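These notes concern the structure reproduced below.
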Amino acid sequence: MIKPENQISIPTQVPVGPKFSIPLRFRDRRRLTILLTIIVLTYLTIITLPTMVPNQFKLGAALMSFAENIKIMFLQPHLANTTFVALLAALGQSILLAFLTTLIGSMLAFFFALASTRRLAPTWLVLGIQSVMAVIRAIPTVLWVLIYSVVFGLGANAAVIGITFHSVAYLTKVYADSMDELSPEIIETMQAMGLKKSAIIRQAVIPYMIPSYLSWTFIRFEINFADAIAVGAAAGAGGIGYQLFMSSSFYFNFHEVGVMVYLILAFALVLEIISYRLRTLTHQ
Amino acid sequence: MNSDVQQVNNFFNNKRFRLSVILVILGLAYLGASIGLGFQTRSLLNVQNGVIWLIQNFIPNEASKGYWNEIIKQLFRTFLVAVASTTCAAVASLFLSIIGAKTLTPAITISWVIRAFSSLLRNIPIVAWAMILLFSFKQNDLTGFLALFFMTLGFLTRAFMETIEDFGTEKIQALQATGATYLQVIFQGLLPEVAVALMSWVLYMIENNVRDATLVGLLTGTGIGFIFNLYFKSLRYGAAGLVVLSVIILVVAVELISNLIGRLLS
């Protein structure tokens with residue numbers, strides 16, 4: 001495989017003492033970027049903070065009332081307008097929503113990712129899919145759900161489609177990124193062996209990406225659960241988010257909000273334990 | 001030779017069997033979840049209706065140009081609130097994560113307390129934060145700022161803590177062996193080394209918060225989320241389309257800037 005002209009074209013470098021200029025400039029660039037970013041962020045924050053507090057605003061009273069509400073929420077949770085069983089059902093609905101959207105999203109995103117990885121697809125396709133996905137990702141999930149609730153009517157269909165949209169765009173990007181990490185030599189070797197694309201995908205790409213596929217899908221499940229709650233509250237799509245919205249902005253009952261927050265925290269704890277298990281599994 | 005072929009066949013058969021079992025389980029789970037939710041699979045095939053509707057109705061028309069000033073103003077406010085909340089949360093969580101990281105903590109109990117605190121902040125849904133704060137702080141930017149702040153504080157404390165713990169104990173011990181004090185270890189050894197990683201987390205959170213600010217605005221009645229809701233519910237779709245367009249531009253711009261900074265840092 002060694003071509004003679006290649007050998008000639010490589011210029012022989014004469015070492016002339018240690019060169020400090022490149023690493024120094026390199027480090028300076030980093031330091032300068034960090035400093036500049038910090039300065040810009042601090043400046044923006046300092047000019048924003050004073051303008052945020054409106055005139056004649058009693059910060060002390062607001063803080064007191066906030067502390068009081070937090071106390072009511074965490075220390076005296078009890079139900080008034082719904083039953084515990086109804087809440088559990090609502091929580092189950094949110095979990096199902098998160099699960100279903102993750103399932104559909106990860107399936108679709110896998111194929112989009114295959115079509116948008118640099119290793120296997122032509123450049124125009126990669127750029128096309130990635131820019132469409134970037135635009136979809138830029139629109140917040142709630143807006144998607146609101147838009148689809150006009151088309152399909154309020155309910156599960158709009159919520160599922162709306163959250164799925166965002167999941168597909170997010171997962172396509174992270175799956176494609178993890179597929180890009182597969183070294184090109186492996187694919188080249190398999191191509192040299194005369195394997196077809198489908199065989200390369202089945203025997204090299206999929207086994208390589210299974211760990212990152214699992215962990216990213218799980219992360220997306222957590223995000224989707226949070227989104228399912230937010231969508232329930234902001235777009236009236238049902239689930240525990242809707243209950244949360246009702247009891248906090250219609251009944252002003254923070255005792256009830258406390259129960260719901262405890263329920264959500266309990267499920268989040270379960271998720272945290274599972275993710276810890278998954279991490280120790282994939283690290284082995 | 002024959003047994004080799006059999007082995008290979010067995011291997012592939014096992015693989016196929018496992019794959020089909022997984023597919024059947026996932027299919028059943030899909031069916032169960034869609035029945036439980038009342039989701040109709042055929043609406044998946046009607047996705048294009050939504051996109052067509054979006055294109056037909058959300059194209060900003062002549063009338064919606066009058067809203068442009070208001071939208072730009074609110075968009076800029078939303079961006080500033082997202083940046084301010086992330087920066088404030090980053091400062092607070094840097095402090096918390098240094099005391100809380102297992103490698104640097106003065107006492108392991110403090111580490112556990114901070115860990116539990118950040119997990120609590122992170123897992124209380126942003127809806128609950130927005131609603132509780134709305135009740136006490138009323139309808140203004142401060143409410144959105146605080147809701148984003150608490151959420152980000154929980155997230156960044158956890159992320160910073162993990163980054164600092166990845167720094168390892170060897171370097172800290174080496175520095176201590178040369179006689180460096182606790183503060184010297186942090187400022188001369190730890191921070192310069194992890195600054196790049198911490199900065200990329202902060203940039204990621206700013207991106208995320210710009211998006212979440214829309215949701216928080218929708219719930220608390222401030223910023224870009226509120227005017228979207230206003231235009232959308234009063235059927236001024238052209239103006240709502242303009243809001244969506246401006247959000248897309250903002251988010252993509254923030255993403256590009258943070259990618260640029262990320263490339264300069266690497």
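Residues in the structure tokens are numbered from 1 in each chain, the chains being A, B, ... in the order shown, and ligands are numbered from 1 in the order shown.
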Would you give me, as a Markdown table, each residue of chain B having an atom within 6 Å of an atom of chain A, along with its shortest atom pair and that distance in Å to one decimal, using only C-alpha atoms and sorting by chain and residue number?
| residue | atom | partner | partner_atom | distance |
| --- | --- | --- | --- | --- |
| B:Ala33 | CA | A:Leu96 | CA | 5.7 |
| B:Phe39 | CA | A:Asn157 | CA | 5.3 |
| B:Gly50 | CA | A:Val151 | CA | 5.9 |
| B:Ala84 | CA | A:Thr45 | CA | 4.4 |
| B:Val127 | CA | A:Ala230 | CA | 5.8 |
| B:Ser136 | CA | A:Ala62 | CA | 5.1 |
| B:Phe137 | CA | A:Ala62 | CA | 5.5 |
| B:Asp141 | CA | A:Met52 | CA | 5.6 |
| B:Leu142 | CA | A:Met52 | CA | 5.6 |
| B:Arg211 | CA | A:Pro140 | CA | 5.7 |
| B:Ile248 | CA | A:Ala138 | CA | 5.1 |
| B:Val251 | CA | A:Ala138 | CA | 5.5 |
| B:Leu265 | CA | A:Arg30 | CA | 5.1 |
Just C-alpha atoms for this one: save the residues we selected as a PDB file, in the first residue's frame.
ATOM      1  CA  ALA B  33     -49.318   2.547  26.128  1.00  0.00           C
ATOM      2  CA  PHE B  39     -53.617   7.524  21.301  1.00  0.00           C
ATOM      3  CA  GLY B  50     -50.012  19.682  11.001  1.00  0.00           C
ATOM      4  CA  ALA B  84     -29.025  36.137  33.833  1.00  0.00           C
ATOM      5  CA  VAL B 127     -44.400  23.903  36.228  1.00  0.00           C
ATOM      6  CA  SER B 136     -45.835  35.045  45.589  1.00  0.00           C
ATOM      7  CA  PHE B 137     -43.955  37.147  43.038  1.00  0.00           C
ATOM      8  CA  ASP B 141     -39.884  38.797  34.878  1.00  0.00           C
ATOM      9  CA  LEU B 142     -38.576  38.008  38.351  1.00  0.00           C
ATOM     10  CA  ARG B 211     -36.080  27.316  25.151  1.00  0.00           C
ATOM     11  CA  ILE B 248     -36.200  29.705  15.972  1.00  0.00           C
ATOM     12  CA  VAL B 251     -32.304  29.502  19.541  1.00  0.00           C
ATOM     13  CA  LEU B 265     -12.143  26.347  23.725  1.00  0.00           C
TER      14      LEU B 265
END
Run DSSP on the backbone and grab whatever in segment 94-143 of chain A lands in alpha helix (DSSP H); send it over as an MDAnalysis selection string. chainID A and resid 94:115 123:138 141:143
Could you tell me which of A:Thr280, A:Ser275, A:Ser178, A:Asn253 comes closest to Gln76 of chain A if we count only C-alpha atoms? A:Asn253
List the neighbours of Thr214 of chain B out to 8 Å using only C-alpha atoms; skip same-chain residues closer than 6 positions along the sequence, and give me the result as a ChimeraX atom specification. /A:140 /B:78,223-226
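In this structure, atom CA of Phe74 of chain A sits 12.4 Å away from atom CA of Ala128 of chain B.
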